[in-house]
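Enquirer: Take this structure first; my questions come after.
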Amino acid sequence: MAENKDYVTIPGEKGNINISEDVVTVVAANAALETDGVASLGREAAELWSKKPGYKGIRLANTDEGLKLEANIVCKLGASVHKVAEDVQENIRASLESITGVKVCEVNVHVLGVQLDK
């Protein structure tokens, strides 16, 4: 395995399955971006200075209870911010559990702004 990589480990009878946290964050980012009403993913100022920033606005913590994610989004103008945030939570959870088989116990969504029409 590559050095300096963090993995989500799924123990099994035949051995462990290790999925790179990079893979998990890309899946989460795509799920968020596919949600109606999401204009883009945003990055908070703290992420810009972090040595381990999330992938385009997604941060991940691998806990004993399951995965905990933080998603920073920018909504489209006119979209119901509350509904978009709830849909992002569900889409990320469903995508990650389906694709990786890992339990997602928490998805926190931070709406950083609204994209104005150009």
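Each chain of the structure tokens is named A, B, ... in the order shown, its residues numbered from 1; ligands are numbered from 1 in display order.
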Output as a list of chain:residue names all residues of range 59-100 of chain A that backbone DSSP marks as helix (DSSP H, G or I).

Expert: A:Val81, A:His82, A:Lys83, A:Val84, A:Ala85, A:Glu86, A:Asp87, A:Val88, A:Gln89, A:Glu90, A:Asn91, A:Ile92, A:Arg93, A:Ala94, A:Ser95, A:Leu96, A:Glu97, A:Ser98, A:Ile99, A:Thr100

Enquirer: For the selection just defined, write its residues with C-alpha atoms to a file, as a PDB file, in the first residue's frame.

Expert:
```
ATOM      1  CA  VAL A  81     -31.826  25.778   1.158  1.00  0.00           C
ATOM      2  CA  HIS A  82     -33.239  23.478   3.845  1.00  0.00           C
ATOM      3  CA  LYS A  83     -34.505  20.924   1.304  1.00  0.00           C
ATOM      4  CA  VAL A  84     -31.241  21.007  -0.661  1.00  0.00           C
ATOM      5  CA  ALA A  85     -29.233  20.409   2.542  1.00  0.00           C
ATOM      6  CA  GLU A  86     -31.445  17.451   3.539  1.00  0.00           C
ATOM      7  CA  ASP A  87     -31.182  15.990   0.025  1.00  0.00           C
ATOM      8  CA  VAL A  88     -27.385  16.336   0.135  1.00  0.00           C
ATOM      9  CA  GLN A  89     -27.319  14.458   3.456  1.00  0.00           C
ATOM     10  CA  GLU A  90     -29.384  11.596   2.038  1.00  0.00           C
ATOM     11  CA  ASN A  91     -27.527  11.419  -1.294  1.00  0.00           C
ATOM     12  CA  ILE A  92     -24.110  11.285   0.360  1.00  0.00           C
ATOM     13  CA  ARG A  93     -25.235   8.650   2.865  1.00  0.00           C
ATOM     14  CA  ALA A  94     -26.920   6.455   0.251  1.00  0.00           C
ATOM     15  CA  SER A  95     -24.049   6.710  -2.247  1.00  0.00           C
ATOM     16  CA  LEU A  96     -21.331   5.898   0.263  1.00  0.00           C
ATOM     17  CA  GLU A  97     -23.192   3.013   1.876  1.00  0.00           C
ATOM     18  CA  SER A  98     -24.050   1.554  -1.539  1.00  0.00           C
ATOM     19  CA  ILE A  99     -20.619   1.970  -3.132  1.00  0.00           C
ATOM     20  CA  THR A 100     -18.326   1.271  -0.157  1.00  0.00           C
TER      21      THR A 100
END
```

Enquirer: Taking 2 positions as the minimum chain separation for residues in the same chain, which residues sit within 6 Å of Ser20 in chain A when counting only C-alpha atoms? Answer as a PyMOL selection string.

Expert: chain A and resi 7+22-23

Enquirer: Between CA of Ile73 in chain A and CA of Gln115 in chain A, what is the spacing in Å?

Expert: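 If I compute the distance from CA of Gln115 in chain A to CA of Ile73 in chain A, I get 10.2 Å.
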
Enquirer: CA of Ile10 in chain A and CA of Arg43 in chain A are how many Å apart?

Expert: 29.0 Å

Enquirer: From the set A:Gly57, A:Gly42, A:Gly66, A:Gly15, which residue has the shortest atom-to-atom contact distance to Gly101 in chain A, counting only C-alpha atoms?

Expert: A:Gly66

Enquirer: When you look at Glu106 in chain A with a cut-off of 8 Å (counting only C-alpha atoms), what residues show up, excluding the ones that are within fewer than 4 positions of it in the same chain? I need them as a count of residues only.

Expert: 3

Enquirer: Using only C-alpha atoms, which residues sit within 8 Å of Val8 in chain A once same-chain residues fewer than 2 positions away are excluded, as number ranges by chain?

Expert: A: 6, 10, 18-21, 62

Enquirer: Only N, CA and C atoms, please: the residues just picked out, written as a PDB file, in the first residue's frame.

Expert:
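What landed in part06.pdb:
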```pdb
ATOM      1  N   ASP A   6      -4.508   7.460   4.253  1.00  0.00           N
ATOM      2  CA  ASP A   6      -5.442   7.007   5.265  1.00  0.00           C
ATOM      3  C   ASP A   6      -6.507   6.185   4.569  1.00  0.00           C
ATOM      4  N   ILE A  10     -12.629  -2.156   6.125  1.00  0.00           N
ATOM      5  CA  ILE A  10     -13.807  -2.995   6.323  1.00  0.00           C
ATOM      6  C   ILE A  10     -13.297  -4.400   6.632  1.00  0.00           C
ATOM      7  N   ASN A  18      -9.451  -2.285   2.339  1.00  0.00           N
ATOM      8  CA  ASN A  18      -9.027  -0.930   2.654  1.00  0.00           C
ATOM      9  C   ASN A  18      -9.379  -0.014   1.487  1.00  0.00           C
ATOM     10  N   ILE A  19     -10.187   0.998   1.774  1.00  0.00           N
ATOM     11  CA  ILE A  19     -10.597   1.963   0.756  1.00  0.00           C
ATOM     12  C   ILE A  19      -9.981   3.304   1.123  1.00  0.00           C
ATOM     13  N   SER A  20      -9.246   3.894   0.201  1.00  0.00           N
ATOM     14  CA  SER A  20      -8.606   5.177   0.441  1.00  0.00           C
ATOM     15  C   SER A  20      -9.646   6.229   0.810  1.00  0.00           C
ATOM     16  N   GLU A  21      -9.308   7.068   1.785  1.00  0.00           N
ATOM     17  CA  GLU A  21     -10.211   8.161   2.146  1.00  0.00           C
ATOM     18  C   GLU A  21     -10.414   9.101   0.964  1.00  0.00           C
ATOM     19  N   ASN A  62     -13.288   8.996  10.222  1.00  0.00           N
ATOM     20  CA  ASN A  62     -13.592   7.573  10.306  1.00  0.00           C
ATOM     21  C   ASN A  62     -13.635   7.200  11.784  1.00  0.00           C
TER      22      ASN A  62
END
```

Enquirer: Using only C-alpha atoms, can you tell me which of A:Leu116, A:Val24, A:Ile17, A:Leu60 comes closest to Ala39 in chain A?

Expert: A:Leu116

Enquirer: Please measure the separation of CA of Ser40 in chain A and CA of Val74 in chain A, giving the value in Å to one decimal.

Expert: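 CA of Ser40 in chain A sits 5.3 Å away from CA of Val74 in chain A.
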
Enquirer: Per DSSP on the backbone, filter chain A down to the residues in strand (DSSP E) and report them as number ranges by chain.

Expert: A: 7-10, 17-20, 38-41, 58-62, 67-76, 104-115

Enquirer: So which residues touch Ala71 in chain A within 8 Å, counting only C-alpha atoms, skipping near sequence neighbours fewer than 3 positions away, as a short mmCIF file (atom, residue, chain, number, x, y, z; two decimals) with N, CA and C atoms, in the first residue's frame?

Expert:
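The new file part-v5.cif reads:
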```cif
data_model
loop_
_atom_site.label_atom_id
_atom_site.label_comp_id
_atom_site.auth_asym_id
_atom_site.auth_seq_id
_atom_site.Cartn_x
_atom_site.Cartn_y
_atom_site.Cartn_z
N ALA A 29 -18.36 13.86 -2.75
CA ALA A 29 -18.42 15.10 -3.52
C ALA A 29 -19.32 14.94 -4.74
N ALA A 32 -22.97 14.92 -3.68
CA ALA A 32 -23.45 16.26 -3.35
C ALA A 32 -23.71 17.07 -4.61
N LEU A 41 -19.46 22.98 -4.67
CA LEU A 41 -18.97 22.71 -3.33
C LEU A 41 -18.06 23.87 -2.95
N GLY A 57 -14.33 20.63 -0.50
CA GLY A 57 -15.41 20.92 0.43
C GLY A 57 -15.96 19.75 1.20
N ILE A 58 -15.35 18.59 1.10
CA ILE A 58 -15.79 17.41 1.85
C ILE A 58 -14.70 17.04 2.85
N ARG A 59 -15.08 16.91 4.11
CA ARG A 59 -14.15 16.43 5.13
C ARG A 59 -14.71 15.15 5.73
N VAL A 107 -23.85 13.10 8.51
CA VAL A 107 -23.48 13.99 7.40
C VAL A 107 -23.94 15.39 7.79
N ASN A 108 -22.99 16.26 8.06
CA ASN A 108 -23.30 17.64 8.40
C ASN A 108 -23.10 18.50 7.15
N VAL A 109 -24.11 19.29 6.82
CA VAL A 109 -24.06 20.12 5.63
C VAL A 109 -23.97 21.58 6.05
N HIS A 110 -23.01 22.29 5.48
CA HIS A 110 -22.82 23.71 5.73
C HIS A 110 -23.09 24.45 4.43
#
```

Enquirer: With distances taken over only C-alpha atoms, which of A:Ser80, A:Ala61, A:Cys105, A:Gly113 is nearest to Thr25 in chain A?

Expert: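 Distance minimum relative to Thr25 in chain A lands on A:Ala61.
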
Enquirer: Between A:Val102, A:Cys75, A:Gly12, A:Val114, which is the closest to Val38 in chain A once you count only C-alpha atoms?

Expert: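 Closest to Val38 in chain A of all the choices is A:Cys75.
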